[in-house]
$ cat structure-v7.txt   # compact mmCIF, C-alpha atoms
# COMPACT_ATOMS: atom_id res chain seq x y z
CA MET A 1 14.36 -6.02 -5.75
CA LEU A 2 10.90 -6.05 -4.22
CA ALA A 3 11.33 -6.32 -0.45
CA LYS A 4 9.47 -8.74 1.77
CA ARG A 5 7.24 -6.70 4.05
CA ILE A 6 7.06 -6.84 7.84
CA ILE A 7 3.75 -5.59 9.14
CA PRO A 8 2.98 -5.06 12.83
CA CYS A 9 -0.68 -5.44 13.72
CA LEU A 10 -2.36 -3.36 16.42
CA ASP A 11 -5.69 -4.37 17.96
CA VAL A 12 -7.71 -1.33 18.90
CA LYS A 13 -10.67 -1.18 21.26
CA ASP A 14 -12.53 2.07 21.80
CA GLY A 15 -9.63 4.00 20.32
CA ARG A 16 -6.84 2.40 22.39
CA VAL A 17 -4.42 -0.38 21.57
CA VAL A 18 -5.39 -3.22 23.84
CA LYS A 19 -2.64 -5.78 23.64
CA GLY A 20 0.26 -4.98 25.87
CA ILE A 21 2.90 -3.45 23.66
CA HIS A 22 6.37 -2.93 24.90
CA PHE A 23 8.68 -0.26 23.63
CA VAL A 24 11.83 0.62 25.45
CA GLY A 25 11.45 4.10 26.84
CA LEU A 26 7.86 4.57 25.78
CA GLN A 27 5.49 4.98 28.69
CA GLU A 28 2.29 5.80 26.87
CA VAL A 29 1.35 2.24 26.05
CA GLY A 30 -2.01 2.25 24.38
CA ASP A 31 -1.71 5.37 22.28
CA ALA A 32 -2.43 3.93 18.85
CA VAL A 33 -1.12 6.90 16.91
CA GLU A 34 2.14 7.15 18.84
CA LEU A 35 2.72 3.39 18.61
CA GLY A 36 2.09 3.45 14.88
CA ARG A 37 4.55 6.28 14.42
CA ARG A 38 7.07 4.43 16.52
CA TYR A 39 6.72 1.25 14.47
CA ALA A 40 7.09 3.27 11.28
CA GLN A 41 10.30 4.86 12.58
CA GLU A 42 11.66 1.44 13.52
CA GLY A 43 11.21 0.29 9.94
CA ALA A 44 7.76 -1.29 9.73
CA ASP A 45 6.78 -1.52 6.06
CA GLU A 46 3.07 -1.11 6.69
CA LEU A 47 0.75 -1.13 9.67
CA VAL A 48 -2.54 -2.88 10.29
CA TYR A 49 -5.07 -1.51 12.76
CA LEU A 50 -7.88 -3.89 13.66
CA ASP A 51 -10.92 -2.53 15.40
CA ILE A 52 -12.20 -4.95 17.98
CA SER A 53 -14.73 -2.57 19.52
CA ALA A 54 -18.11 -4.10 20.07
CA THR A 55 -20.13 -0.90 20.25
CA LEU A 56 -21.21 1.82 17.86
CA GLU A 57 -19.38 4.43 19.94
CA GLY A 58 -16.25 2.33 19.70
CA ARG A 59 -16.60 2.19 15.91
CA ASN A 60 -16.99 5.95 15.64
CA THR A 61 -13.93 6.42 17.80
CA PHE A 62 -12.05 4.13 15.42
CA ALA A 63 -12.81 6.31 12.38
CA GLU A 64 -11.45 9.34 14.26
CA LEU A 65 -8.38 7.33 15.18
CA VAL A 66 -7.83 6.35 11.53
CA SER A 67 -7.84 9.97 10.59
CA ARG A 68 -5.24 10.80 13.25
CA VAL A 69 -3.07 7.86 12.17
CA ALA A 70 -3.25 9.07 8.55
CA GLY A 71 -2.01 12.47 9.67
CA ALA A 72 0.89 11.09 11.67
CA VAL A 73 2.22 8.06 9.80
CA ASN A 74 4.21 8.24 6.56
CA ILE A 75 3.87 4.61 5.47
CA PRO A 76 0.83 2.74 4.16
CA PHE A 77 -1.65 1.38 6.65
CA THR A 78 -4.58 -1.01 6.49
CA VAL A 79 -7.64 -0.96 8.71
CA GLY A 80 -10.16 -3.66 9.44
CA GLY A 81 -12.60 -5.13 11.87
CA GLY A 82 -16.32 -5.28 11.24
CA ILE A 83 -16.33 -3.78 7.73
CA SER A 84 -19.52 -5.09 6.17
CA SER A 85 -20.58 -2.56 3.55
CA LEU A 86 -19.26 -0.24 0.89
CA ASP A 87 -20.25 2.63 3.20
CA ASP A 88 -18.04 1.29 5.99
CA ALA A 89 -15.13 1.08 3.54
CA SER A 90 -15.81 4.56 2.15
CA ARG A 91 -15.82 6.08 5.63
CA LEU A 92 -12.40 4.60 6.39
CA LEU A 93 -10.99 5.63 3.00
CA ASP A 94 -12.20 9.17 3.63
CA ALA A 95 -10.49 9.06 7.02
CA GLY A 96 -7.23 8.29 5.21
CA ALA A 97 -6.78 4.51 5.25
CA ASP A 98 -4.73 3.12 2.37
CA LYS A 99 -6.36 -0.30 2.43
CA ILE A 100 -9.17 -2.07 4.23
CA THR A 101 -9.52 -5.70 5.17
CA VAL A 102 -12.73 -7.67 4.96
CA ASN A 103 -13.27 -11.09 6.47
CA SER A 104 -16.57 -12.52 7.78
CA ALA A 105 -18.73 -10.07 5.83
CA ALA A 106 -17.09 -11.12 2.55
CA ILE A 107 -17.80 -14.77 3.29
CA ALA A 108 -21.43 -13.91 4.02
CA ARG A 109 -21.69 -11.77 0.88
CA PRO A 110 -18.75 -12.16 -1.54
CA GLU A 111 -20.07 -9.34 -3.77
CA LEU A 112 -18.78 -6.96 -1.11
CA ILE A 113 -15.24 -7.52 -2.46
CA SER A 114 -16.21 -6.53 -6.00
CA GLU A 115 -18.24 -3.55 -4.81
CA ILE A 116 -15.31 -2.08 -2.90
CA ALA A 117 -12.68 -3.00 -5.51
CA SER A 118 -14.60 -1.57 -8.43
CA LYS A 119 -15.08 1.71 -6.60
CA TYR A 120 -11.63 2.16 -5.04
CA GLY A 121 -9.37 -0.25 -6.89
CA ARG A 122 -7.96 -3.67 -6.15
CA GLN A 123 -5.03 -2.26 -4.17
CA PHE A 124 -7.50 -1.03 -1.53
CA VAL A 125 -8.98 -4.46 -0.71
CA VAL A 126 -7.26 -7.04 1.47
CA VAL A 127 -9.30 -10.20 2.02
CA ALA A 128 -8.48 -11.83 5.34
CA ILE A 129 -9.09 -15.56 5.66
CA ASP A 130 -8.95 -17.36 9.02
CA ALA A 131 -8.82 -21.06 8.21
CA LYS A 132 -8.59 -24.34 10.11
CA SER A 133 -7.39 -27.70 8.88
CA CYS A 134 -9.99 -30.50 8.82
CA PRO A 135 -9.48 -34.22 9.42
CA ASP A 136 -9.87 -34.81 5.65
CA GLY A 137 -6.85 -32.56 5.01
CA ARG A 138 -8.79 -29.62 3.60
CA TRP A 139 -8.49 -26.12 5.05
CA MET A 140 -11.83 -24.45 5.72
CA ALA A 141 -12.38 -20.74 6.30
CA THR A 142 -13.98 -19.71 9.58
CA THR A 143 -15.73 -16.50 10.55
CA HIS A 144 -16.03 -14.31 13.62
CA GLY A 145 -12.48 -14.74 14.78
CA GLY A 146 -12.39 -18.48 14.16
CA SER A 147 -15.47 -19.22 16.23
CA ARG A 148 -17.83 -20.19 13.41
CA PRO A 149 -17.32 -22.61 10.52
CA SER A 150 -18.12 -21.66 6.93
CA ASP A 151 -18.58 -23.62 3.72
CA LYS A 152 -15.61 -21.92 2.02
CA GLU A 153 -12.54 -24.00 1.31
CA LEU A 154 -9.34 -21.95 1.67
CA PHE A 155 -7.92 -22.30 -1.86
CA SER A 156 -11.17 -21.93 -3.78
CA TRP A 157 -12.23 -19.01 -1.60
CA ALA A 158 -8.90 -17.23 -2.00
CA LYS A 159 -9.10 -17.72 -5.79
CA GLU A 160 -12.68 -16.43 -5.81
CA ALA A 161 -11.63 -13.41 -3.74
CA GLU A 162 -8.85 -12.67 -6.24
CA GLU A 163 -11.29 -12.95 -9.15
CA ARG A 164 -13.71 -10.64 -7.39
CA GLY A 165 -11.04 -7.97 -7.00
CA ALA A 166 -8.98 -8.65 -3.87
CA GLY A 167 -5.54 -7.04 -4.05
CA GLU A 168 -3.98 -9.21 -1.36
CA ILE A 169 -4.86 -12.25 0.74
CA LEU A 170 -4.10 -12.21 4.47
CA PHE A 171 -4.20 -15.85 5.55
CA THR A 172 -4.16 -16.84 9.20
CA SER A 173 -4.00 -20.47 10.23
CA MET A 174 -6.25 -20.77 13.26
CA ASP A 175 -4.36 -23.96 14.11
CA HIS A 176 -1.19 -21.93 14.57
CA ASP A 177 -2.41 -18.48 15.59
CA GLY A 178 -1.19 -17.53 19.04
CA THR A 179 0.91 -20.68 19.46
CA ARG A 180 4.20 -19.02 18.50
CA ASN A 181 5.21 -22.36 16.99
CA GLY A 182 5.67 -21.18 13.41
CA TYR A 183 3.57 -21.14 10.27
CA PRO A 184 2.27 -24.01 8.09
CA CYS A 185 4.74 -23.21 5.30
CA PRO A 186 3.62 -25.83 2.73
CA VAL A 187 0.08 -24.44 2.84
CA TYR A 188 1.37 -20.89 2.35
CA ALA A 189 3.58 -21.96 -0.55
CA ALA A 190 0.68 -23.72 -2.29
CA LEU A 191 -1.55 -20.69 -1.74
CA SER A 192 1.06 -18.27 -3.02
CA ASP A 193 1.62 -20.42 -6.13
CA ALA A 194 -2.13 -20.63 -6.75
CA LEU A 195 -2.68 -16.87 -6.67
CA GLY A 196 -1.49 -13.97 -8.80
CA ILE A 197 -1.77 -11.51 -5.90
CA PRO A 198 0.41 -11.16 -2.80
CA VAL A 199 -0.10 -13.38 0.23
CA ILE A 200 0.43 -12.03 3.74
CA ALA A 201 1.20 -14.60 6.42
CA SER A 202 -0.26 -14.08 9.84
CA GLY A 203 -0.36 -15.84 13.17
CA GLY A 204 2.14 -18.22 14.64
CA ALA A 205 5.48 -16.44 14.61
CA GLY A 206 7.51 -17.19 17.69
CA SER A 207 10.91 -16.32 16.31
CA VAL A 208 12.62 -14.55 13.43
CA GLN A 209 13.41 -18.00 12.03
CA ASP A 210 9.67 -18.67 11.73
CA ILE A 211 9.18 -15.45 9.80
CA ALA A 212 12.16 -16.24 7.57
CA GLU A 213 10.71 -19.66 6.78
CA VAL A 214 7.29 -18.38 5.77
CA LEU A 215 8.88 -15.73 3.55
CA THR A 216 11.13 -18.28 1.81
CA GLN A 217 9.74 -21.85 1.95
CA GLY A 218 6.23 -20.47 2.44
CA LYS A 219 6.67 -18.01 -0.48
CA ALA A 220 4.72 -15.35 1.42
CA ASP A 221 5.17 -11.76 0.26
CA ALA A 222 4.76 -10.27 3.71
CA ALA A 223 4.44 -11.30 7.34
CA LEU A 224 2.02 -9.76 9.78
CA ALA A 225 2.96 -10.13 13.41
CA ALA A 226 1.57 -9.06 16.71
CA SER A 227 2.87 -10.86 19.77
CA ILE A 228 6.50 -11.08 18.65
CA PHE A 229 6.57 -7.28 18.72
CA HIS A 230 4.02 -6.63 21.44
CA TYR A 231 5.87 -8.64 24.05
CA GLY A 232 9.06 -6.82 23.28
CA GLN A 233 10.84 -9.95 22.20
CA TYR A 234 12.15 -8.12 19.13
CA THR A 235 11.79 -4.70 17.62
CA VAL A 236 10.76 -4.42 13.99
CA GLY A 237 14.27 -3.20 13.17
CA GLU A 238 15.90 -6.22 14.83
CA VAL A 239 13.66 -8.62 12.95
CA LYS A 240 14.46 -6.97 9.64
CA ARG A 241 18.20 -6.86 10.29
CA GLN A 242 18.18 -10.57 11.13
CA LEU A 243 16.15 -11.38 8.02
CA SER A 244 18.57 -9.37 5.94
CA GLY A 245 21.45 -11.31 7.49
CA MET A 246 19.75 -14.50 6.26
CA GLY A 247 19.73 -13.12 2.72
CA ILE A 248 16.05 -12.18 2.63
CA PRO A 249 15.41 -8.87 0.80
CA VAL A 250 14.00 -6.36 3.28
CA ARG A 251 13.98 -2.58 3.44
CA LEU A 252 16.45 -1.46 6.08
CA MET B 1 1.04 27.93 -3.21
CA ILE B 2 0.97 24.39 -4.57
CA ALA B 3 -2.01 23.35 -6.65
CA ILE B 4 -3.02 19.70 -6.27
CA ILE B 5 -5.10 18.88 -9.33
CA ASP B 6 -8.40 17.31 -8.30
CA TYR B 7 -9.76 15.29 -11.21
CA ASP B 8 -11.59 12.63 -9.24
CA MET B 9 -8.78 10.08 -9.40
CA GLY B 10 -8.59 8.64 -5.94
CA ASN B 11 -8.20 9.92 -2.46
CA LEU B 12 -5.93 12.92 -2.03
CA ARG B 13 -5.82 12.59 1.74
CA SER B 14 -2.42 10.89 1.88
CA LEU B 15 -0.82 13.56 -0.23
CA GLU B 16 -2.44 16.38 1.75
CA ASN B 17 -1.27 14.78 5.00
CA ALA B 18 2.27 14.45 3.67
CA LEU B 19 2.34 18.11 2.61
CA ASP B 20 0.88 19.10 5.99
CA ARG B 21 3.71 17.24 7.73
CA LEU B 22 6.18 19.26 5.63
CA GLY B 23 4.40 22.51 6.46
CA ALA B 24 3.61 23.26 2.81
CA THR B 25 0.59 25.32 1.77
CA TYR B 26 -1.56 23.92 -1.00
CA CYS B 27 -4.99 24.00 -2.50
CA VAL B 28 -6.98 21.22 -4.14
CA THR B 29 -8.45 22.46 -7.38
CA ASP B 30 -9.49 21.78 -10.96
CA ASP B 31 -9.68 25.49 -11.84
CA PRO B 32 -7.36 26.21 -14.79
CA ALA B 33 -6.69 29.78 -13.58
CA VAL B 34 -5.65 28.58 -10.12
CA ILE B 35 -3.48 25.84 -11.59
CA ARG B 36 -1.79 28.23 -14.01
CA ALA B 37 -1.05 30.73 -11.23
CA ALA B 38 0.35 28.18 -8.74
CA ASP B 39 4.08 28.08 -7.89
CA LYS B 40 4.05 24.32 -8.24
CA VAL B 41 1.55 21.77 -9.44
CA ILE B 42 1.02 18.17 -8.37
CA LEU B 43 -0.95 15.75 -10.54
CA PRO B 44 -1.74 12.76 -8.31
CA GLY B 45 -3.75 9.74 -9.35
CA VAL B 46 -4.76 6.27 -8.28
CA GLY B 47 -6.84 4.15 -10.61
CA HIS B 48 -7.32 3.71 -14.33
CA ALA B 49 -5.26 5.73 -16.82
CA GLY B 50 -8.05 5.74 -19.43
CA LEU B 51 -10.48 7.16 -16.91
CA ALA B 52 -7.82 9.65 -15.77
CA MET B 53 -7.48 10.96 -19.34
CA ASP B 54 -11.28 11.16 -19.72
CA ASN B 55 -11.51 13.16 -16.49
CA LEU B 56 -8.78 15.56 -17.64
CA VAL B 57 -10.56 16.01 -20.98
CA GLN B 58 -13.86 16.68 -19.19
CA ARG B 59 -12.24 19.40 -17.11
CA GLY B 60 -10.53 20.96 -20.11
CA LEU B 61 -7.05 20.39 -18.65
CA THR B 62 -5.32 18.40 -21.38
CA GLU B 63 -3.86 21.41 -23.14
CA LEU B 64 -3.21 23.42 -20.00
CA ILE B 65 -1.09 20.83 -18.17
CA PRO B 66 1.61 20.30 -20.85
CA SER B 67 1.83 24.08 -21.28
CA LEU B 68 2.67 24.76 -17.61
CA ARG B 69 6.08 26.35 -16.95
CA GLN B 70 6.33 25.92 -13.17
CA PRO B 71 7.56 22.62 -11.64
CA VAL B 72 4.92 19.90 -12.10
CA LEU B 73 5.02 16.53 -10.32
CA GLY B 74 2.93 13.61 -11.55
CA ILE B 75 2.51 10.75 -9.07
CA CYS B 76 1.66 7.16 -10.09
CA VAL B 77 -1.20 7.38 -12.63
CA GLY B 78 -0.51 11.13 -12.67
CA MET B 79 2.95 10.30 -14.01
CA GLN B 80 1.56 7.76 -16.47
CA VAL B 81 -0.86 10.22 -18.09
CA LEU B 82 2.08 12.60 -18.64
CA CYS B 83 3.58 9.90 -20.90
CA ARG B 84 2.93 9.47 -24.62
CA ASP B 85 0.34 6.70 -24.38
CA SER B 86 -0.73 3.78 -22.21
CA GLU B 87 -1.89 0.23 -22.83
CA GLU B 88 -4.50 1.01 -20.18
CA ALA B 89 -5.95 3.72 -22.45
CA PRO B 90 -5.88 2.11 -25.89
CA GLY B 91 -6.55 4.49 -28.74
CA LYS B 92 -6.29 7.56 -26.52
CA PRO B 93 -3.23 9.74 -26.61
CA CYS B 94 -1.96 10.77 -23.17
CA LEU B 95 -0.44 14.18 -22.41
CA GLY B 96 2.82 13.40 -24.20
CA VAL B 97 5.23 15.29 -21.96
CA PHE B 98 7.45 12.27 -21.28
CA ASP B 99 8.56 10.25 -24.26
CA ALA B 100 7.53 6.93 -22.74
CA HIS B 101 5.02 4.24 -23.56
CA VAL B 102 3.13 2.72 -20.59
CA ARG B 103 2.70 -1.06 -20.58
CA LEU B 104 1.11 -3.75 -18.44
CA PHE B 105 3.34 -6.06 -16.38
CA SER B 106 2.85 -9.63 -17.57
CA PRO B 107 1.94 -11.90 -14.67
CA ALA B 108 4.55 -14.62 -14.34
CA PRO B 109 5.93 -16.82 -11.59
CA GLY B 110 7.57 -14.44 -9.14
CA CYS B 111 5.87 -11.46 -10.77
CA LYS B 112 2.55 -10.82 -9.09
CA VAL B 113 0.50 -7.96 -10.49
CA PRO B 114 0.07 -5.33 -9.13
CA HIS B 115 3.69 -4.63 -8.22
CA MET B 116 2.97 -3.74 -4.61
CA GLY B 117 5.34 -2.86 -1.83
CA TRP B 118 8.81 -1.44 -1.25
CA ASN B 119 11.35 -1.65 -4.02
CA ASP B 120 14.70 0.07 -4.49
CA LEU B 121 15.68 2.81 -6.90
CA GLY B 122 18.74 2.83 -9.10
CA ASN B 123 20.43 5.19 -11.58
CA MET B 124 19.09 8.27 -9.81
CA GLU B 125 19.76 11.63 -11.42
CA GLY B 126 18.79 15.22 -10.86
CA LYS B 127 17.40 17.53 -8.23
CA LEU B 128 14.24 15.62 -7.36
CA LEU B 129 16.23 12.61 -6.16
CA LYS B 130 19.27 14.32 -4.69
CA ASP B 131 20.69 13.74 -1.20
CA LEU B 132 19.22 10.26 -0.83
CA ASP B 133 20.99 7.10 0.27
CA LYS B 134 22.20 4.82 -2.48
CA ASN B 135 19.37 2.57 -3.69
CA PRO B 136 16.67 3.83 -1.32
CA TYR B 137 13.42 1.91 -0.95
CA VAL B 138 10.14 3.56 -1.95
CA TYR B 139 6.54 2.36 -2.00
CA PHE B 140 4.94 1.23 -5.26
CA VAL B 141 1.41 0.09 -6.13
CA HIS B 142 0.88 -0.29 -9.88
CA SER B 143 0.11 -2.74 -12.66
CA TYR B 144 1.37 -0.61 -15.56
CA TYR B 145 4.84 0.85 -15.99
CA ALA B 146 6.66 3.35 -18.18
CA GLY B 147 9.54 1.80 -20.05
CA LEU B 148 13.02 3.26 -20.00
CA CYS B 149 13.42 6.37 -22.14
CA PRO B 150 15.65 9.46 -22.41
CA ASP B 151 13.55 11.11 -19.66
CA THR B 152 14.21 8.35 -17.12
CA VAL B 153 15.88 9.74 -13.97
CA ALA B 154 15.50 6.67 -11.74
CA THR B 155 15.02 3.01 -12.52
CA CYS B 156 13.52 0.08 -10.66
CA ARG B 157 13.51 -3.62 -11.39
CA TYR B 158 10.53 -5.89 -10.87
CA ALA B 159 10.72 -9.51 -11.88
CA ASN B 160 12.51 -9.29 -15.23
CA VAL B 161 11.46 -5.76 -16.12
CA MET B 162 13.54 -2.64 -15.64
CA PHE B 163 11.21 0.34 -15.74
CA SER B 164 11.17 4.10 -15.12
CA ALA B 165 10.62 4.78 -11.41
CA ALA B 166 10.97 8.52 -12.07
CA LEU B 167 10.93 10.72 -15.15
CA ARG B 168 11.91 14.26 -15.86
CA TYR B 169 11.54 16.52 -18.86
CA GLU B 170 12.29 20.22 -18.40
CA ASN B 171 9.97 21.43 -15.58
CA PHE B 172 7.99 18.17 -15.49
CA TYR B 173 8.75 15.43 -12.97
CA GLY B 174 7.03 12.12 -12.42
CA THR B 175 7.30 9.30 -9.90
CA GLN B 176 5.75 5.89 -10.38
CA PHE B 177 6.07 5.31 -6.64
CA HIS B 178 4.17 7.17 -3.94
CA PRO B 179 6.51 9.63 -2.18
CA GLU B 180 3.66 10.50 0.20
CA LYS B 181 3.74 6.90 1.50
CA SER B 182 7.46 6.23 1.26
CA GLY B 183 8.55 7.08 4.79
CA SER B 184 11.45 9.46 5.31
CA VAL B 185 12.79 8.87 1.77
CA GLY B 186 9.49 10.01 0.32
CA GLU B 187 9.47 13.06 2.56
CA LYS B 188 12.91 14.00 1.31
CA ILE B 189 11.77 13.65 -2.32
CA LEU B 190 8.74 15.87 -1.66
CA GLN B 191 11.02 18.38 0.07
CA ASN B 192 13.27 18.35 -2.98
CA PHE B 193 10.26 19.09 -5.16
CA LEU B 194 9.14 21.91 -2.87
CA ALA B 195 12.66 23.37 -3.08
CA LEU B 196 12.77 23.45 -6.90
$ encode --input "structure-v7.txt" --output "structure tokens"
Amino acid sequence: MLAKRIIPCLDVKDGRVVKGIHFVGLQEVGDAVELGRRYAQEGADELVYLDISATLEGRNTFAELVSRVAGAVNIPFTVGGGISSLDDASRLLDAGADKITVNSAAIARPELISEIASKYGRQFVVVAIDAKSCPDGRWMATTHGGSRPSDKELFSWAKEAEERGAGEILFTSMDHDGTRNGYPCPVYAALSDALGIPVIASGGAGSVQDIAEVLTQGKADAALAASIFHYGQYTVGEVKRQLSGMGIPVRL
Amino acid sequence: MIAIIDYDMGNLRSLENALDRLGATYCVTDDPAVIRAADKVILPGVGHAGLAMDNLVQRGLTELIPSLRQPVLGICVGMQVLCRDSEEAPGKPCLGVFDAHVRLFSPAPGCKVPHMGWNDLGNMEGKLLKDLDKNPYVYFVHSYYAGLCPDTVATCRYANVMFSAALRYENFYGTQFHPEKSGSVGEKILQNFLAL
């Protein structure tokens, strides 16, 4: 049976993981390669590395980091942050990334999705959507980390992204992100039903119960989490064992 | 020396990294003489099976590959082109080593296409898949699958379809999943291939 995936996300700035990540017995906090390997050993199903560097030097450092991660980690990993052209995607593929994620740049120029997918295949392209609910009940995509509105409505944009060649949709509710209060499960379920490609839930997990709910009621195929792991509340292995105990198919 | 066949079907970096981690020596080549002389041959492949066949034809490898006598491992699309034919390459025969027909998954509720992620193996047989835990999880990314056939040496179920996760005929092996991305289970499978 296809397992639900648990995906830790690491934010990288100038080649170092910036959020405080806690591993018992691991002193070298910040080493992105070592942390990735550690997560993989604990049972992470994939990894996501997001580059939050603001400078060109930082971006170059990131490509070198991707290449070191590819050498060290034996599970699939996705990279993202500031990818705005086919060249950017090609550079990261050459460095060894299995998938890339595009967000703001795809909203600005949706053809980017088709350009990357037609060259490297649908499985290589994850379209990330950061959306906020509006007073009229619609969910609207935002750009630049939630700071700018866009004219894309969540469901129609996700459908368009699928038609243009996205292999997966990574949806983050900006209303829930960072709150650790759980996910908007009905929205995830509707999105998952509307699409023929996997949906990855992101942002909002405060407990294993929250993750379990989005994977069952929310019909998500995978859950991406940062703070629940970073703050050492749970290890990846603990989360997966608890999910398994609740009857959710996971790889142990 | 292992020859990894380079026929312009996707990035070989993951496979090279996995072999590096196992300490194996390999070369990446489309030279028939080098391929013929190698101890083992890997035919990788990500992408479109029709294009994969075209690229093999262009390089003059379609007769060479089925004639190889050393262990050969086809991965993902590399496994599919070793089958008889594929719905992704209508009207084109594939290499015909495995007696399987390759079909497209039909999208259905609960069956998103591609089949992407970790799924478990069953009915494992033979040296390639020896010394693994029962029903180990491996990483798949594919929209087409080889049906069950006499060459099937591992099965997997997705939605309502039971398909060949691994095939074997004489010295030819194939995995629909990506051992190079399948964690420690994948490493063990690659080690088993290296030990053949």
$ interface_residues --input "structure-v7.txt" --of "chain B" --to "chain A" --cutoff "6 Å" --atoms "only C-alpha atoms" --output "PDB file with C-alpha atoms, in the coordinates of the input"
ATOM      1  CA  ARG B  13      -5.820  12.590   1.740  1.00  0.00           C
ATOM      2  CA  ASN B  17      -1.270  14.780   5.000  1.00  0.00           C
ATOM      3  CA  LYS B 112       2.550 -10.820  -9.090  1.00  0.00           C
ATOM      4  CA  TRP B 118       8.810  -1.440  -1.250  1.00  0.00           C
ATOM      5  CA  ASN B 119      11.350  -1.650  -4.020  1.00  0.00           C
ATOM      6  CA  LYS B 181       3.740   6.900   1.500  1.00  0.00           C
ATOM      7  CA  SER B 182       7.460   6.230   1.260  1.00  0.00           C
ATOM      8  CA  GLY B 183       8.550   7.080   4.790  1.00  0.00           C
TER       9      GLY B 183
END
$ residues_around --input "structure-v7.txt" --residues "region 81-88 of chain A" --least-positions-apart "2" --cutoff "7 Å" --atoms "only C-alpha atoms" --output "PDB file with C-alpha atoms, keeping the file's coordinate frame"
ATOM      1  CA  LEU A  50      -7.880  -3.890  13.660  1.00  0.00           C
ATOM      2  CA  ASP A  51     -10.920  -2.530  15.400  1.00  0.00           C
ATOM      3  CA  ILE A  52     -12.200  -4.950  17.980  1.00  0.00           C
ATOM      4  CA  SER A  90     -15.810   4.560   2.150  1.00  0.00           C
ATOM      5  CA  ARG A  91     -15.820   6.080   5.630  1.00  0.00           C
ATOM      6  CA  LEU A  92     -12.400   4.600   6.390  1.00  0.00           C
ATOM      7  CA  VAL A 102     -12.730  -7.670   4.960  1.00  0.00           C
ATOM      8  CA  ALA A 105     -18.730 -10.070   5.830  1.00  0.00           C
ATOM      9  CA  LEU A 112     -18.780  -6.960  -1.110  1.00  0.00           C
ATOM     10  CA  GLU A 115     -18.240  -3.550  -4.810  1.00  0.00           C
ATOM     11  CA  ILE A 116     -15.310  -2.080  -2.900  1.00  0.00           C
TER      12      ILE A 116
END
$ closest_residue --input "structure-v7.txt" --among "B:Asp99, B:Asp31, B:Asp54, B:Glu170" --to "Lys127 (chain B)" --atoms "only C-alpha atoms"
B:Glu170
$ residues_around --input "structure-v7.txt" --residues "Val187 (chain A)" --least-positions-apart "2" --cutoff "10 Å" --atoms "only C-alpha atoms" --output "ChimeraX atom specification"
/A:139,154-155,171,173,183-185,189-193,214,218-219
$ atom_distance --input "structure-v7.txt" --atom1 "CA of Arg138 (chain A)" --atom2 "CA of Gly165 (chain A)"
24.2 Å
$ atom_distance --input "structure-v7.txt" --atom1 "CA of Arg109 (chain A)" --atom2 "CA of Ala131 (chain A)"
17.5 Å
$ atom_distance --input "structure-v7.txt" --atom1 "CA of Arg84 (chain B)" --atom2 "CA of Ser67 (chain B)"
15.0 Å
$ closest_residue --input "structure-v7.txt" --among "B:Asp120, B:Asp133, B:Glu63, B:Glu180" --to "Arg36 (chain B)" --atoms "only C-alpha atoms"
B:Glu63
$ closest_residue --input "structure-v7.txt" --among "A:Tyr39, A:Leu215, A:Val12, A:Ile113" --to "Leu65 (chain A)" --atoms "only C-alpha atoms"
A:Val12
$ residues_around --input "structure-v7.txt" --residues "Asn103 (chain A)" --least-positions-apart "6" --cutoff "8 Å" --atoms "only C-alpha atoms" --output "ChimeraX atom specification"
/A:127-129,143
$ closest_residue --input "structure-v7.txt" --among "A:Gln217, A:Ala226, A:Val199, A:Pro149" --to "Asp177 (chain A)" --atoms "only C-alpha atoms"
A:Ala226
$ residues_around --input "structure-v7.txt" --residues "region 151-168 of chain B" --least-positions-apart "3" --cutoff "9 Å" --atoms "all atoms listed in the file" --output "number ranges by chain"
A: 1-2; B: 79, 98-100, 105, 108-112, 115, 119-126, 128-129, 145-148, 171-177
